[in-house]
Structure formats: structure tokens, C-alpha cells
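Asks: Pasting a structure below so you can have a look.
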Amino acid sequence: MPETDGLLLEGTEEVRIRRNVELARHCRFGVGGPADYFVEVRSAADIREAYRFARERELACFTYSGGSNLFFDSRGFRGLVVRLIGGGWSVDEASQVINVSSGTDLPLLIRNLARLGIGGADFLGNIPGAVGGAVVGNAGCYGQNIAGMLISAEIYDIAADRMFTADPGFFEFSYRHSRLKYDPLHMVVSARLQFAEADPLETLQAVEDELQLRLAKHPHNSRCAGSFFKNISREQPAWKLITAAGLADSRVNGACLSDMHANFLVNDNDASSDDILALCRMVQLCVRDRLGIVLETEVRYVGQCGVEEISLSD
Ligand SMILES: Cc1cc2nc3c(=O)[nH]c(=O)nc-3n(C[C@H](O)[C@H](O)[C@H](O)COP(=O)(O)OP(=O)(O)OC[C@H]3O[C@@H](n4cnc5c(N)ncnc54)[C@H](O)[C@@H]3O)c2cc1C
């Protein structure tokens, strides 16, 4: 199906709603069929316009940002997919508080701030994706997470068509979790994050060193969405359980478990969403039957009408 230019959103500058856009090209996993409608937005005004467009046509809607923690159904999405991109950031140098749009690339932000002598968040420097996705999924590593830096966030309430400011308590954060991860009616538009003064060269070096660690241990540049399953605990990381269940190197068609790290499910040969789901369920069933432990997914699956839970079915 050809991708065609569609309508210009009213009241915005050059924001085009496109038709039949291949979602595989808009996520790190490289999996997803055509979205009926697709739009990239930067500002709160553009987000509102996109949702107005969907409301008027009674379209299902799905919103995301960096696309590094999800995959789409290979049959596509029957409605409007809204992607938050760019948008920018401002800094209060006296307090090291950053006000940043959701669509801002997180690793790039950390590096740009480091050059200004603003740091204290090296752990976020190599987590792919954008600020909005990081806040919603409470991204982090080495025992630190972005919730610890959040002062407040601007939220768009889709049902009421209004913006409001939320404090961290609103999110009910826990490990790789916030309540917005399961709430398609509230979008993070921007966030205020607390950073700290830091030496530029030391910060950039620390981020670079951590990248080298990732490259040595994970398939960091592969088509994937990071750790596929949540760890049970520090002592029981998902990769250990998957390996103990004898599943290392398992494969379903183009989807396989990485030989570098068993908790990275990789699209190494034109995997479909069904291949990923089948491999995911195989892992969940084997780990449950052999070890008595249920693995929960960290990665989100966007079905044809919205996010779907990947349930364990016999
Ligand atoms: C190689 C690799 C390594 C990774 N390493 C780590 C790691 O060390 N630690 C870690 O925590 N994660 C890691 N991840 C996972 C991923 O990078 C993080 O989860 C990241 O924060 C996701 O951000 P995103 O913008 O890409 O989210 P997306 O994939 O765009 O979205 C994820 C979910 O958040 C929702 N969402 C996104 N933006 C918004 C918004 N503005 N408002 C409301 N809902 C929104 C989406 O609807 C979706 O449900 C890794 C991924 C890869 C590919």
C-alpha cells in the first residue's frame, strides 16, 4: 500500500497526518505493519490537534515517543498513531533543573547537558529512547531510575482535553513501572528533571565507559527493545532463569534470544509480531513449568487497536 500524504493538522505549522505508514520503520524492533494514520508532533498544541483529529473520526489512538521499548502488530494499527519527537529543552543553570519535551532523545540530552557542566545522571546516558518513554517506564539501571530525578511533569488528559501539572506521586513509580504505562488516556508532554553540577569531561567519559560495557555484554545495536522480561530480583535476573530453563539461543522464525544475553529478544531476520509473541510465550511457559516462576514482560506489544497484555496461555 503506498504511503500517501494526508491532512495538515489545523492550527499547527506543517504537521502532517500521513496514511498507511509502515510502523516497522518507526520503532527499534523493526516490527509493525501499516498504521491507517500516523503523525509526528512536537508541542502540546500539536498533540491536542492530533487527538481532536482522532476524536472527530472516532479513531483508536496510540501515543509513544522513542519507540525503543515496544513492537507493533505486523498487521498494523487501525487508527491514529501519534509519535512525540524533538521539542527541545531549557535549563535553569542556577538550580540545574531541566525542563524538557517528551520527544527529546535521552542519550543526546545527557551528552548535551554534560558539555554544559550539568550531570549526575550518567546512568541514563545510554538508555535508548526519549524522555517521555523513560518517565512512563521509569527507565534506569544499576539501581538508579529516572523517578528519582523527576520534579514534575506536564500531562495531557485526553478525555478531558486539558493539560495539568503532576508531581511524582501521581505516577505511582516502581521498578520499570508507572501507572501511565497502563493508562492510554494520559500523555506526558514535558518533564522537569533535577540534575547536578558535574565536570564535562568526567561525565562524558563515564557515559562512554558505560557504553563500552553495554556493547560488550548486550546486543546493543540490534533490532530489539532491550530487556524483554522484568527481572524477578537482583539475585534472579530474567536472563539467568531463561538460561537455567534451557532456553538460551531459542528461536521462532526471525525472532531469537540473543546469544550475548538471553533476556534480549532480537529481530534478526524479518521477524513478525506473531514470531515475537510465540517466542515470548514459549519462554514464559517453559520458565513457569521448569522453574515455577512467571516472567512478566517489560516490552509493550501494540496490537491493531492499542496496547495488549501478553498473557500466559496454555
Ligand atoms: C539496546 C537497548 C537497551 C536498553 N537498556 C535499557 C536500560 O538499561 N534501562 C531501561 O530502563 N530500559 C532500557 N531499554 C528500554 C528502553 O530504552 C526504555 O524503556 C526507554 O526509556 C523507552 O523510551 P521510549 O521513548 O523509546 O519509549 P517508547 O518505546 O516510545 O514507549 C514505551 C511505552 O511508554 C509509552 N509512552 C511513551 N512516551 C509516552 C508519553 N510521552 N506519554 C505517555 N506514554 C508514553 C508508550 O505508549 C509505550 O507504552 C533498552 C532498550 C534497548 C533497545
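Chain lettering (A, B, ...) mirrors the order of the C-alpha cells, residue numbering begins at 1 for each chain separately, and ligand numbering begins at 1 in order of display.
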Which residues are near ligand 1 in this structure, taking near to mean any atom at most 7 Å from a ligand atom and counting only C-alpha atoms and all ligand atoms? Format them as a PyMOL selection string.
Replies: chain A and resi 28+62-70+84+102-103+127-141+176+180-181+186-189+219-222+224-227+300+307
Asks: Skipping near chain neighbours, those fewer than 6 positions away, what residues fall within 7 Å of stretch 228-231 of chain A using only C-alpha atoms, listed as a ChimeraX atom specification?
Replies: /A:237-238,263-265,295-299
Asks: Would you put the residues from that selection into a file with C-alpha atoms, as a PDB file, in the first residue's frame?
Replies:
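In the end it all went to selection-v9.pdb:
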ATOM      1  CA  PRO A 237      17.636 -11.739  36.764  1.00  0.00           C
ATOM      2  CA  ALA A 238      15.446 -12.926  33.892  1.00  0.00           C
ATOM      3  CA  ASN A 263      16.853 -11.667  28.025  1.00  0.00           C
ATOM      4  CA  PHE A 264      17.250  -9.752  24.748  1.00  0.00           C
ATOM      5  CA  LEU A 265      14.697 -10.964  22.212  1.00  0.00           C
ATOM      6  CA  LEU A 295       8.151 -13.918  33.918  1.00  0.00           C
ATOM      7  CA  GLU A 296       6.383 -10.631  33.207  1.00  0.00           C
ATOM      8  CA  THR A 297       7.170  -8.673  30.058  1.00  0.00           C
ATOM      9  CA  GLU A 298       8.822  -5.235  30.234  1.00  0.00           C
ATOM     10  CA  VAL A 299       8.365  -4.609  26.496  1.00  0.00           C
TER      11      VAL A 299
END
Asks: May I ask which of the residues A:Arg16, A:Arg75, A:Arg281, A:Arg251 is the closest one to A:Asn269, counting only C-alpha atoms?
Replies: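 Of all the options, A:Arg251 lies closest to A:Asn269.
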Asks: For a quick check of understanding, using only C-alpha atoms, which of A:Ser190, A:Asn126, A:Thr165, A:Ser178 has the smallest distance to A:Gly86?
Replies: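 Closest residue, counting only C-alpha atoms: A:Ser190.
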Asks: Hey, what does DSSP flag as alpha helix (DSSP H) within stretch 120-282 of chain A? Can you give it to me as a PDB file with N, CA and C atoms, in the first residue's frame?
Replies:
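part-v2.pdb, written as the output of this step:
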ATOM      1  N   VAL A 131      12.597  11.110  26.377  1.00  0.00           N
ATOM      2  CA  VAL A 131      12.325  11.433  27.780  1.00  0.00           C
ATOM      3  C   VAL A 131      10.940  10.924  28.213  1.00  0.00           C
ATOM      4  N   GLY A 132       9.929  11.095  27.371  1.00  0.00           N
ATOM      5  CA  GLY A 132       8.560  10.688  27.733  1.00  0.00           C
ATOM      6  C   GLY A 132       8.481   9.203  28.048  1.00  0.00           C
ATOM      7  N   GLY A 133       9.072   8.388  27.171  1.00  0.00           N
ATOM      8  CA  GLY A 133       9.055   6.944  27.377  1.00  0.00           C
ATOM      9  C   GLY A 133       9.826   6.556  28.630  1.00  0.00           C
ATOM     10  N   ALA A 134      10.922   7.278  28.890  1.00  0.00           N
ATOM     11  CA  ALA A 134      11.740   6.978  30.071  1.00  0.00           C
ATOM     12  C   ALA A 134      10.955   7.262  31.354  1.00  0.00           C
ATOM     13  N   VAL A 135      10.210   8.369  31.365  1.00  0.00           N
ATOM     14  CA  VAL A 135       9.427   8.703  32.568  1.00  0.00           C
ATOM     15  C   VAL A 135       8.309   7.664  32.749  1.00  0.00           C
ATOM     16  N   VAL A 136       7.594   7.353  31.685  1.00  0.00           N
ATOM     17  CA  VAL A 136       6.450   6.438  31.779  1.00  0.00           C
ATOM     18  C   VAL A 136       6.903   5.036  32.208  1.00  0.00           C
ATOM     19  N   PRO A 200      32.439  18.315  32.837  1.00  0.00           N
ATOM     20  CA  PRO A 200      32.038  17.851  31.499  1.00  0.00           C
ATOM     21  C   PRO A 200      32.833  16.641  31.034  1.00  0.00           C
ATOM     22  N   LEU A 201      34.170  16.707  31.135  1.00  0.00           N
ATOM     23  CA  LEU A 201      34.977  15.604  30.588  1.00  0.00           C
ATOM     24  C   LEU A 201      34.746  14.308  31.355  1.00  0.00           C
ATOM     25  N   GLU A 202      34.656  14.441  32.696  1.00  0.00           N
ATOM     26  CA  GLU A 202      34.430  13.223  33.510  1.00  0.00           C
ATOM     27  C   GLU A 202      33.080  12.594  33.169  1.00  0.00           C
ATOM     28  N   THR A 203      32.068  13.436  33.001  1.00  0.00           N
ATOM     29  CA  THR A 203      30.733  12.896  32.717  1.00  0.00           C
ATOM     30  C   THR A 203      30.727  12.199  31.361  1.00  0.00           C
ATOM     31  N   LEU A 204      31.296  12.863  30.357  1.00  0.00           N
ATOM     32  CA  LEU A 204      31.298  12.265  29.014  1.00  0.00           C
ATOM     33  C   LEU A 204      32.087  10.955  29.014  1.00  0.00           C
ATOM     34  N   GLN A 205      33.180  10.925  29.786  1.00  0.00           N
ATOM     35  CA  GLN A 205      33.979   9.696  29.854  1.00  0.00           C
ATOM     36  C   GLN A 205      33.194   8.572  30.534  1.00  0.00           C
ATOM     37  N   ALA A 206      32.478   8.929  31.613  1.00  0.00           N
ATOM     38  CA  ALA A 206      31.699   7.908  32.341  1.00  0.00           C
ATOM     39  C   ALA A 206      30.617   7.319  31.430  1.00  0.00           C
ATOM     40  N   VAL A 207      29.982   8.183  30.626  1.00  0.00           N
ATOM     41  CA  VAL A 207      28.923   7.714  29.720  1.00  0.00           C
ATOM     42  C   VAL A 207      29.532   6.819  28.632  1.00  0.00           C
ATOM     43  N   GLU A 208      30.705   7.227  28.135  1.00  0.00           N
ATOM     44  CA  GLU A 208      31.379   6.433  27.102  1.00  0.00           C
ATOM     45  C   GLU A 208      31.813   5.068  27.655  1.00  0.00           C
ATOM     46  N   ASP A 209      32.340   5.054  28.894  1.00  0.00           N
ATOM     47  CA  ASP A 209      32.771   3.788  29.510  1.00  0.00           C
ATOM     48  C   ASP A 209      31.575   2.846  29.664  1.00  0.00           C
ATOM     49  N   GLU A 210      30.437   3.438  30.058  1.00  0.00           N
ATOM     50  CA  GLU A 210      29.246   2.593  30.257  1.00  0.00           C
ATOM     51  C   GLU A 210      28.762   2.041  28.921  1.00  0.00           C
ATOM     52  N   LEU A 211      28.906   2.836  27.871  1.00  0.00           N
ATOM     53  CA  LEU A 211      28.515   2.355  26.534  1.00  0.00           C
ATOM     54  C   LEU A 211      29.371   1.144  26.140  1.00  0.00           C
ATOM     55  N   GLN A 212      30.663   1.227  26.434  1.00  0.00           N
ATOM     56  CA  GLN A 212      31.548   0.111  26.078  1.00  0.00           C
ATOM     57  C   GLN A 212      31.152  -1.162  26.828  1.00  0.00           C
ATOM     58  N   LEU A 213      30.731  -0.983  28.099  1.00  0.00           N
ATOM     59  CA  LEU A 213      30.249  -2.147  28.871  1.00  0.00           C
ATOM     60  C   LEU A 213      29.034  -2.774  28.203  1.00  0.00           C
ATOM     61  N   ARG A 214      28.107  -1.906  27.780  1.00  0.00           N
ATOM     62  CA  ARG A 214      26.886  -2.403  27.114  1.00  0.00           C
ATOM     63  C   ARG A 214      27.241  -3.134  25.826  1.00  0.00           C
ATOM     64  N   LEU A 215      28.136  -2.533  25.053  1.00  0.00           N
ATOM     65  CA  LEU A 215      28.481  -3.152  23.763  1.00  0.00           C
ATOM     66  C   LEU A 215      29.114  -4.529  23.967  1.00  0.00           C
ATOM     67  N   ALA A 216      29.820  -4.687  25.107  1.00  0.00           N
ATOM     68  CA  ALA A 216      30.472  -5.974  25.376  1.00  0.00           C
ATOM     69  C   ALA A 216      29.480  -7.027  25.881  1.00  0.00           C
ATOM     70  N   LYS A 217      28.402  -6.566  26.552  1.00  0.00           N
ATOM     71  CA  LYS A 217      27.513  -7.531  27.229  1.00  0.00           C
ATOM     72  C   LYS A 217      26.177  -7.761  26.538  1.00  0.00           C
ATOM     73  N   ALA A 238      16.193 -12.099  34.862  1.00  0.00           N
ATOM     74  CA  ALA A 238      15.446 -12.926  33.892  1.00  0.00           C
ATOM     75  C   ALA A 238      16.391 -13.760  33.027  1.00  0.00           C
ATOM     76  N   TRP A 239      17.553 -13.198  32.625  1.00  0.00           N
ATOM     77  CA  TRP A 239      18.445 -13.957  31.738  1.00  0.00           C
ATOM     78  C   TRP A 239      18.910 -15.256  32.378  1.00  0.00           C
ATOM     79  N   LYS A 240      19.114 -15.224  33.725  1.00  0.00           N
ATOM     80  CA  LYS A 240      19.590 -16.410  34.438  1.00  0.00           C
ATOM     81  C   LYS A 240      18.512 -17.492  34.434  1.00  0.00           C
ATOM     82  N   LEU A 241      17.266 -17.061  34.639  1.00  0.00           N
ATOM     83  CA  LEU A 241      16.148 -18.018  34.677  1.00  0.00           C
ATOM     84  C   LEU A 241      15.930 -18.631  33.293  1.00  0.00           C
ATOM     85  N   ILE A 242      16.028 -17.786  32.263  1.00  0.00           N
ATOM     86  CA  ILE A 242      15.830 -18.272  30.886  1.00  0.00           C
ATOM     87  C   ILE A 242      16.915 -19.298  30.547  1.00  0.00           C
ATOM     88  N   THR A 243      18.137 -18.992  30.940  1.00  0.00           N
ATOM     89  CA  THR A 243      19.257 -19.919  30.672  1.00  0.00           C
ATOM     90  C   THR A 243      19.077 -21.203  31.484  1.00  0.00           C
ATOM     91  N   ALA A 244      18.690 -21.058  32.766  1.00  0.00           N
ATOM     92  CA  ALA A 244      18.503 -22.241  33.624  1.00  0.00           C
ATOM     93  C   ALA A 244      17.393 -23.145  33.088  1.00  0.00           C
ATOM     94  N   SER A 273       5.326  -9.915  14.291  1.00  0.00           N
ATOM     95  CA  SER A 273       4.875  -9.807  15.684  1.00  0.00           C
ATOM     96  C   SER A 273       4.443 -11.175  16.198  1.00  0.00           C
ATOM     97  N   ASP A 274       3.889 -12.027  15.328  1.00  0.00           N
ATOM     98  CA  ASP A 274       3.488 -13.370  15.780  1.00  0.00           C
ATOM     99  C   ASP A 274       4.710 -14.199  16.187  1.00  0.00           C
ATOM    100  N   ASP A 275       5.833 -14.040  15.474  1.00  0.00           N
ATOM    101  CA  ASP A 275       7.061 -14.760  15.850  1.00  0.00           C
ATOM    102  C   ASP A 275       7.505 -14.322  17.251  1.00  0.00           C
ATOM    103  N   ILE A 276       7.473 -13.003  17.498  1.00  0.00           N
ATOM    104  CA  ILE A 276       7.922 -12.484  18.798  1.00  0.00           C
ATOM    105  C   ILE A 276       6.995 -12.971  19.904  1.00  0.00           C
ATOM    106  N   LEU A 277       5.688 -12.908  19.638  1.00  0.00           N
ATOM    107  CA  LEU A 277       4.725 -13.349  20.656  1.00  0.00           C
ATOM    108  C   LEU A 277       4.881 -14.844  20.940  1.00  0.00           C
ATOM    109  N   ALA A 278       5.099 -15.637  19.878  1.00  0.00           N
ATOM    110  CA  ALA A 278       5.243 -17.089  20.069  1.00  0.00           C
ATOM    111  C   ALA A 278       6.501 -17.400  20.892  1.00  0.00           C
ATOM    112  N   LEU A 279       7.601 -16.711  20.596  1.00  0.00           N
ATOM    113  CA  LEU A 279       8.841 -16.948  21.341  1.00  0.00           C
ATOM    114  C   LEU A 279       8.682 -16.496  22.800  1.00  0.00           C
ATOM    115  N   CYS A 280       8.027 -15.360  22.974  1.00  0.00           N
ATOM    116  CA  CYS A 280       7.790 -14.832  24.315  1.00  0.00           C
ATOM    117  C   CYS A 280       6.981 -15.833  25.148  1.00  0.00           C
ATOM    118  N   ARG A 281       5.909 -16.370  24.551  1.00  0.00           N
ATOM    119  CA  ARG A 281       5.049 -17.312  25.303  1.00  0.00           C
ATOM    120  C   ARG A 281       5.783 -18.619  25.573  1.00  0.00           C
ATOM    121  N   MET A 282       6.608 -19.035  24.621  1.00  0.00           N
ATOM    122  CA  MET A 282       7.386 -20.261  24.820  1.00  0.00           C
ATOM    123  C   MET A 282       8.303 -20.099  26.041  1.00  0.00           C
TER     124      MET A 282
END
Asks: Give me the residues near A:Glu40 as a compact mmCIF listing (two decimals) with N, CA and C atoms, in the first residue's frame, where near means some atom within 9 Å (using only C-alpha atoms) and where sequence neighbours in that chain fewer than 5 positions away do not count.
Replies:
# COMPACT_ATOMS: atom_id res chain seq x y z
N VAL A 15 2.31 20.20 10.37
CA VAL A 15 2.24 18.87 10.98
C VAL A 15 1.29 18.04 10.14
N ARG A 16 1.84 17.05 9.46
CA ARG A 16 1.04 16.28 8.51
C ARG A 16 0.62 14.94 9.08
N ILE A 17 -0.65 14.64 8.93
CA ILE A 17 -1.12 13.29 9.24
C ILE A 17 -0.94 12.48 7.97
N ASP A 46 0.19 20.69 19.26
CA ASP A 46 0.10 19.69 18.18
C ASP A 46 -0.52 18.39 18.68
N ILE A 47 -0.18 18.02 19.93
CA ILE A 47 -0.77 16.79 20.50
C ILE A 47 -2.28 16.95 20.58
N VAL A 81 -1.69 6.70 15.02
CA VAL A 81 -0.51 6.56 15.89
C VAL A 81 0.16 7.94 15.98
N VAL A 82 0.34 8.39 17.22
CA VAL A 82 0.94 9.71 17.46
C VAL A 82 2.33 9.51 18.06
N ARG A 83 3.35 10.03 17.37
CA ARG A 83 4.72 9.92 17.91
C ARG A 83 5.22 11.29 18.34
N LEU A 84 5.67 11.38 19.60
CA LEU A 84 6.24 12.64 20.09
C LEU A 84 7.72 12.67 19.72
N ILE A 85 8.12 13.71 19.03
CA ILE A 85 9.53 13.82 18.62
C ILE A 85 10.07 15.20 19.02
Asks: Just checking: using only C-alpha atoms, which residue out of A:Asn112, A:Asn253, A:Ser43, A:Ser95 ends up closest to A:Glu154?
Replies: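 Going through A:Asn112, A:Asn253, A:Ser43, A:Ser95 one by one, the smallest distance to A:Glu154 is for A:Ser43.
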Asks: Hey, which of A:Asp73, A:Arg42, A:Cys256, A:Asp161 ends up closest to A:Val100? Count only C-alpha atoms.
Replies: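 Distance minimum relative to A:Val100 lands on A:Arg42.
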Asks: Neighbouring residues of A:Ala166 were defined as those with any atom within 7 Å, considering only C-alpha atoms; residues of the same chain fewer than 2 positions away were excluded. Please report them as a VMD selection string.
Replies: chain A and resid 152 to 155 164 168 170
Asks: Kindly indicate which residue among A:Asp270, A:Asp289, A:Glu197, A:Glu309 lies nearest to A:Phe29, using only C-alpha atoms for the distances.
Replies: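 Under the stated criterion, the closest residue is A:Asp270.
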Asks: From a backbone DSSP assignment, name each residue in stretch 19-228 of chain A labelled strand (DSSP E), as a VMD selection string.
Replies: chain A and resid 19 to 22 34 to 41 60 to 64 70 to 72 77 to 84 89 to 92 97 to 101 118 to 119 140 to 141 144 to 145 150 to 157 162 to 166 186 to 194 196 to 197
